[in-house]
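In what follows, a single structure is set out as structure tokens and then discussed.
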Amino acid sequence: MTQEKEKDKKEKRILKINWQAMAVPLLAIFTALVLGALIIAFTDETVYAAFRESGFFGGIGRAVEVIRIAYGALFIGAFGDPKLLWEAIVHGDGEAFTQAIYPFTETLRVTTPYIFAGLAVALGFQGGLFNIGAEGQYFIAGLATVFVGYSLKGVPAIIHLPLALLAGIAGGAFWGAIPGYLKAKTGAHEVINTIMMNYIAFRFAEFMLDVGGPMARPDSFRPVSPEIEPSAYLPQFFPSNSAIRFNWGFFLALAAAAFVGWLLYKTTLGYEIRTVGQNPHAARYAGISVPKTIILTMAISGGLAGLAGATDILGVLHFMPNAFASGYGFDAIALALLGKSNPVGVVLASLLFGALRAGARYMQGIAHIPLDITSILQGVIIVFIAAPEIIQTLYRLKQKIEGEEGVVFTRGWGQM
Amino acid sequence: MRKHFLAFVSLLILVSMVLTACGGKATEAPATEAPTQESGYRHIKVGMVTDMGGIDDKSFNATSWKGVERAIQELGIEGSYLESQQQTDYATNITQYINQKVDLIITVGFLLADDTAAAAKEHPDINFAIVDFAYDPPIDNVRGLTFSIDQAGFLAGYVAAAATKTGKVATFGGINIPPVAAFMVGFESGVNYYNEKHGTSVEVLGWNTAENNGVFVGNFESTDDGRRTAEEFMSEGADVIMPVAGPVGLGSAEAVKQHGDAWIIGVDTDWTVSASEYKDIILTSVLKNMDVAVFDTIKMVASPDFEGFHGETYVGTLENGGVGIAPVAAGAVSDDVLKELEDVKAGIISGEIDTGWSSYLASLSN
């Protein structure tokens with residue numbers, strides 16, 4: 001009976017695109033881009049020079065020009081140059097085509113670990129848990145993956161690749177389950193424990209990979225692991241052009257998003273996770289084992305973060321460096337917020353962040369705008385999302401509809 | 001009413017955040033087009049890829065970029081940089097420069113070694129240079145930029161021996177690998193040379209070339225290890241310490257600053273600049289002048305008769321200015337010693353004075 005109601009509600013929500021809910025993120029992104037444009041114009045010396053030399057309108061004109069160049073480069077860097085793409089299609093030139101779509105493949109490549117890590121944090125949020133440990137889970141998964149990748153030799157790819165991926169999932173899940181266990185059994189807060197587990201992961205990776213360490217490349221003065229066997233590589237999408245590193249990991253990420261959506265909304269476990277997230281007391285009263293659910297949530301979350309590390313190694317790097325630090329684990333918190341802890345939202349947010357990162361690189365090369373502009377854009381977007389009142393006031397939006405289900409982030413301190 | 005007020009406050013906070021964020025960066029928009037001048041050099045394009053430290057790391061990346069900037073001004077070339085934020089960015093950044101068809105791609109540091117080698121083999125028509133690394137066997141179109149740091153370490157040892165009041169100087173390393181040991185071998189030889197000249201018996205703690213043994217903290221990160229090691233050395237009576245372990249040395253500097261009457265010798269860059277909070281206790285610094293190496297490489301590629309690299313390695317020495325020591329702290333040693341230092345430098349350049357490096361290397365392979 002209750003389940004049916006739940007299902008009914010769910011279907012309604014899936015069918016109806018909730019513009020009210022979409023408005024704030026979209027306007028947040030738009031406003032951030034406007035602010036970014038202002039920053040770009042205000043920090044450009046040539047704009048000031050134009051104001052001095054050719055008066056007010058000259059200065060404004062120069063500012064518009066600078067912004068146009070910068071955002072033009074951001075767009076081309078993220079999605080490719082439409083002109084080049086068109087020419088390649090018209091001439092049927094395969095090589096020019098891959099060259100033209102290269103920027104977009106880079107966007108998708110950066111998006112891949114973002115999706116995994118974002119899903120990891122989003123799943124935690126749904127379960128009322130704040131997993132700040134995605135970065136550490138990414139490291140441990142990297143170690144497990146690369147170990148399977150280089151130590152197994154002569155195994156066919158059909159076995160080797162899944163094994164390496166599983167190792168990554170297992171590594172991340174193990175690392176996530178520890179703070180989950182501590183939370184479930186002792187009430188120790190997962191925020192503290194996942195942060196601490198991050199440090200342990202970093203130092204452990206250092207120990208394993210440092211020159212002369214157990215997993216270091218023999219006869220090398222560099223702190224890196226050996227190369228993995230080609231049988232463990234995630235297949236490239238464009239093997240003919242080695243510069244394009246877009247690989248099947250992206251589709252794994254989409255599959256993971258579908259899996260999380262299914263898990264959360266179509267399974268008993270997902271129902272339990274969300275119930276524990278919203279009200280653990282009610283969950284316990286309803287006969288759900290809260291400790292078990294917490295441990296499982298953290299383990300699945302860790303496994304997802306682990307896949308970010310595994311696909312980075314199997315698809316892109318093919319070895320693990322000591323300096324594996326990625327920042328994905330921390331950006332992932334922003335992604336989960338921006339995506340409202342919803343798998344589809346996380347995928348869209350990841351695409352945005354991926355495009356910003358890939359585009360910023362081109363913007364730095366062409367327009368000489370520091371990479372940090374993307375950090376500012378991302379930060380501003382998150383501020384707007386976290387404080388929707390700014391956007392609502394700015395654009396005179398109606399306040400939240402009464403009774404709408406809010407996003408569960410995490411419960412306060414010391415609760416169980 | 002309250003809502004509006006809240007929104008207003010959040011906006012204020014936001015704007016102030018944005019302003020502070022751009023305040024730091026605004027001034028350092030990368031220079032590109034230089035005032036055109038007739039220099040006789042080709043107007044080449046140079047791209048530099050940093051490691052994860054970023055362009056303003058006050059260390060390898062910043063120093064290397066100084067070399068590019070100098071080339072922009074003096075040779076009229078075109079130069080830009082791309083910052084890497086993580087390991088997977090290296091190849092992306094190199095690819096971007098390849099697509100822009102630059103004439104020379106400079107990568108900074110050993111972290112980029114794999115990606116640089118892969119790109120160089122794929123694109124034999126593009127010139128590469130990699131800072132502080134050399135390939136074995138060499139790659140034809142890559143110039144490795146390396147440094148005979150033992151020569152500069154020798155000078156630092158000489159200064160240390162002159163500056164000590166307790167008759168004990170110390171050094172320690174991160175890990176016992178040749179790039180680290182080079183500092184320490186030169187340092188010990190410099191101290192011994194001073195003893196020979198002046199009939200003193202200054203003792204070196206923490207390293208012994210003959211036994212290839214010394215004090216190593218085992219990492220290049222822990223400032224805490226640096227602090228502890230410095231405290232041990234000071235309690236043994238050392239009053240000059242040269243930490244060869246990157247940021248670990250900052251911990252040593254902190255220990256000296258807090259409770260110690262001792263000097264620190266900086267490594268790689270001039271620590272009175274890169275670690276300026278400790279500038280009062282920096283005796284001198286053993287310099288890898290990456291800017292000199294980078295400038296030399298750009299000049300080579302930009303010269304009209306350049307026909308490509310042939311897998312050669314640049315070796316920075318005292319002679320070509322690729323290595324050196326920073327100005328010695330005022331009043332730390334007498335003017336006579338500073339004068340002698342010039343003679344020592346000349347002696348190393350001419351080969352009269354042996355830094356002990358080649359015999360050390362030979363002993364390693366036995």
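By order of appearance in the structure tokens: chains A, B, ..., then residues from 1 within every chain, and ligands from 1 in the order shown.
Omitting Gly218 (chain B) and its sequence neighbours fewer than 2 positions away, and counting only C-alpha atoms, the residues within 8 Å are Gly173, Gly174, Ile175, Phe216 and Phe220 of chain B.
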Selection file, N, CA, C and O atoms, as a JSON list (two decimals), in the first residue's frame:
[["chain", "number", "residue", "atom", "x", "y", "z"],
["B", 173, "GLY", "N", 69.46, 14.33, 3.84],
["B", 173, "GLY", "CA", 68.74, 14.24, 2.56],
["B", 173, "GLY", "C", 67.38, 13.62, 2.73],
["B", 173, "GLY", "O", 67.01, 13.17, 3.82],
["B", 174, "GLY", "N", 66.63, 13.60, 1.62],
["B", 174, "GLY", "CA", 65.33, 12.94, 1.62],
["B", 174, "GLY", "C", 65.52, 11.45, 1.46],
["B", 174, "GLY", "O", 65.23, 10.66, 2.37],
["B", 175, "ILE", "N", 66.07, 11.05, 0.33],
["B", 175, "ILE", "CA", 66.33, 9.64, 0.06],
["B", 175, "ILE", "C", 67.71, 9.58, -0.60],
["B", 175, "ILE", "O", 68.09, 10.50, -1.33],
["B", 216, "PHE", "N", 69.13, 10.26, 6.28],
["B", 216, "PHE", "CA", 68.06, 10.48, 5.31],
["B", 216, "PHE", "C", 66.72, 10.30, 6.01],
["B", 216, "PHE", "O", 66.53, 9.32, 6.73],
["B", 220, "PHE", "N", 60.12, 13.37, 1.07],
["B", 220, "PHE", "CA", 60.32, 14.75, 0.65],
["B", 220, "PHE", "C", 59.14, 15.62, 1.07],
["B", 220, "PHE", "O", 58.81, 16.59, 0.41]]
What residues in region 58-253 of chain B get the DSSP label strand (DSSP E or B)? Please answer as a PyMOL selection string. chain B and resi 78-82+104-108+127-131+133+142-147+168-173+203-205+207-208+213-214+216+240-244
Which residue of A:Val347, A:Leu254, A:Ala37, A:Leu317 approaches chain B most closely, using only C-alpha atoms: A:Leu317
DSSP alpha helix (DSSP H) residues within region 181-210 of chain B, as a ChimeraX atom specification: /B:181-198
Contacts of Gly180 (chain A) at 9 Å or less, counting only C-alpha atoms, minus same-chain residues fewer than 3 places along, as a short mmCIF file (atom, residue, chain, number, x, y, z; two decimals) with N, CA, C and O atoms, in the first residue's frame?
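Final output, around02.cif:
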data_model
loop_
_atom_site.label_atom_id
_atom_site.label_comp_id
_atom_site.auth_asym_id
_atom_site.auth_seq_id
_atom_site.Cartn_x
_atom_site.Cartn_y
_atom_site.Cartn_z
N LEU A 129 24.65 10.68 4.98
CA LEU A 129 26.06 10.58 5.35
C LEU A 129 26.88 11.52 4.48
O LEU A 129 26.67 11.63 3.27
N GLY A 176 35.78 2.95 2.25
CA GLY A 176 34.57 3.66 2.66
C GLY A 176 33.85 2.95 3.80
O GLY A 176 33.24 3.59 4.66
N ALA A 177 33.94 1.63 3.83
CA ALA A 177 33.21 0.86 4.83
C ALA A 177 33.77 1.06 6.23
O ALA A 177 33.04 0.97 7.21
N LYS A 183 30.98 4.56 12.30
CA LYS A 183 29.78 5.36 12.55
C LYS A 183 28.67 4.47 13.11
O LYS A 183 28.00 4.80 14.08
N ALA A 184 28.50 3.31 12.47
CA ALA A 184 27.39 2.44 12.84
C ALA A 184 27.58 1.85 14.23
O ALA A 184 26.63 1.73 15.01
N LYS A 185 28.83 1.47 14.56
CA LYS A 185 29.05 0.76 15.81
C LYS A 185 29.37 1.68 16.97
O LYS A 185 29.06 1.36 18.11
N GLU A 190 31.19 10.44 10.61
CA GLU A 190 31.87 10.05 9.38
C GLU A 190 32.66 11.20 8.76
O GLU A 190 33.64 10.97 8.04
N ASN A 193 36.02 10.95 10.37
CA ASN A 193 36.72 9.71 10.02
C ASN A 193 37.10 9.63 8.55
O ASN A 193 38.16 9.13 8.22
N THR A 194 36.23 10.14 7.67
CA THR A 194 36.61 10.07 6.26
C THR A 194 37.77 11.01 5.98
O THR A 194 38.65 10.69 5.18
N PRO A 291 22.44 0.34 11.46
CA PRO A 291 23.90 0.15 11.31
C PRO A 291 24.26 -0.53 9.99
O PRO A 291 25.18 -0.10 9.29
N ILE A 294 23.94 1.90 7.14
CA ILE A 294 25.01 2.91 7.12
C ILE A 294 26.28 2.31 6.53
O ILE A 294 26.93 2.90 5.65
N ILE A 295 26.64 1.10 6.99
CA ILE A 295 27.87 0.48 6.50
C ILE A 295 27.76 0.23 5.00
O ILE A 295 28.69 0.52 4.23
N LEU A 296 26.59 -0.28 4.57
CA LEU A 296 26.41 -0.57 3.15
C LEU A 296 26.47 0.71 2.31
O LEU A 296 27.10 0.74 1.25
N THR A 297 25.83 1.78 2.81
CA THR A 297 25.85 3.03 2.08
C THR A 297 27.28 3.52 1.87
O THR A 297 27.68 3.90 0.76
N MET A 298 28.04 3.48 2.95
CA MET A 298 29.42 3.96 2.85
C MET A 298 30.25 3.06 1.94
O MET A 298 31.12 3.53 1.21
N ALA A 299 29.99 1.76 1.98
CA ALA A 299 30.75 0.84 1.14
C ALA A 299 30.44 1.09 -0.34
O ALA A 299 31.34 1.15 -1.18
#
Give me, please, the distance in Å between CA of Ala156 (chain B) and CA of Ile325 (chain B), quoted to one decimal. 6.9 Å
Counting only C-alpha atoms, what is within 8 Å of Phe139 (chain A), bar same-chain residues fewer than 5 positions away, as a ChimeraX atom specification? /A:201-202,205,306,309,324-325
Output for the residues just chosen: C-alpha atoms as a short mmCIF file (atom, residue, chain, number, x, y, z; two decimals), in the first residue's frame:
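Final output, saved to again_29.cif:
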data_model
loop_
_atom_site.label_atom_id
_atom_site.label_comp_id
_atom_site.auth_asym_id
_atom_site.auth_seq_id
_atom_site.Cartn_x
_atom_site.Cartn_y
_atom_site.Cartn_z
CA ALA A 201 45.36 6.79 2.20
CA PHE A 202 47.74 9.50 0.98
CA ALA A 205 50.16 5.41 -1.19
CA GLY A 306 36.97 3.83 -6.30
CA GLY A 309 40.44 6.01 -9.56
CA PHE A 324 47.92 10.99 -7.80
CA ALA A 325 46.18 13.86 -5.99
#
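Nearest to Val333 (chain B) of all the residues B:Thr164, B:Ser365, B:Thr269, B:Thr355 is B:Thr164, based on only C-alpha atoms.
When only C-alpha atoms are used to compute distances to chain B, the closest of the residues A:Gly118, A:Gly212, A:Gly124, A:Gly58 turns out to be A:Gly212.
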Please provide as a count of residues only all residues within 8 Å of Val142 (chain B), with the sequence filter that same-chain residues fewer than 6 positions apart are discarded (counting only C-alpha atoms). 9
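Across the structure, CA of Gly260 (chain B) and CA of Pro247 (chain B) are spaced 19.4 Å apart.
Our summary of the geometry notes that CA of Leu143 (chain A) is positioned 15.7 Å from CA of His160 (chain A).
Using only C-alpha atoms, the protein and nucleic acid residues lying no more than 7 Å from Thr317 (chain B), apart from those fewer than 4 places from it along its own chain, are Phe147, Ser148, Gly321, Gly322 and Val323 of chain B.
Taking only C-alpha atoms into account, Ile265 (chain B) lies nearest to B:Tyr278 out of the set B:Trp207, B:Phe306, B:Phe233, B:Tyr278.
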Could you give me, as a PyMOL selection string, the residues within 10 Å of Asn195 (chain B), counting only C-alpha atoms and dropping anything in the same chain fewer than 5 positions from it? chain B and resi 158+161-162+189-190+200-203
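If you measure from each of A:Ile313, A:Met363, A:Ala243, A:Ala355 to Asp115 (chain B) using only C-alpha atoms, the closest one turns out to be A:Ala243.
Distances from B:Ile298, B:Ala170, B:Ala152, B:Ile349 to Val286 (chain B) were compared using only C-alpha atoms, and the smallest one belongs to B:Ala152.
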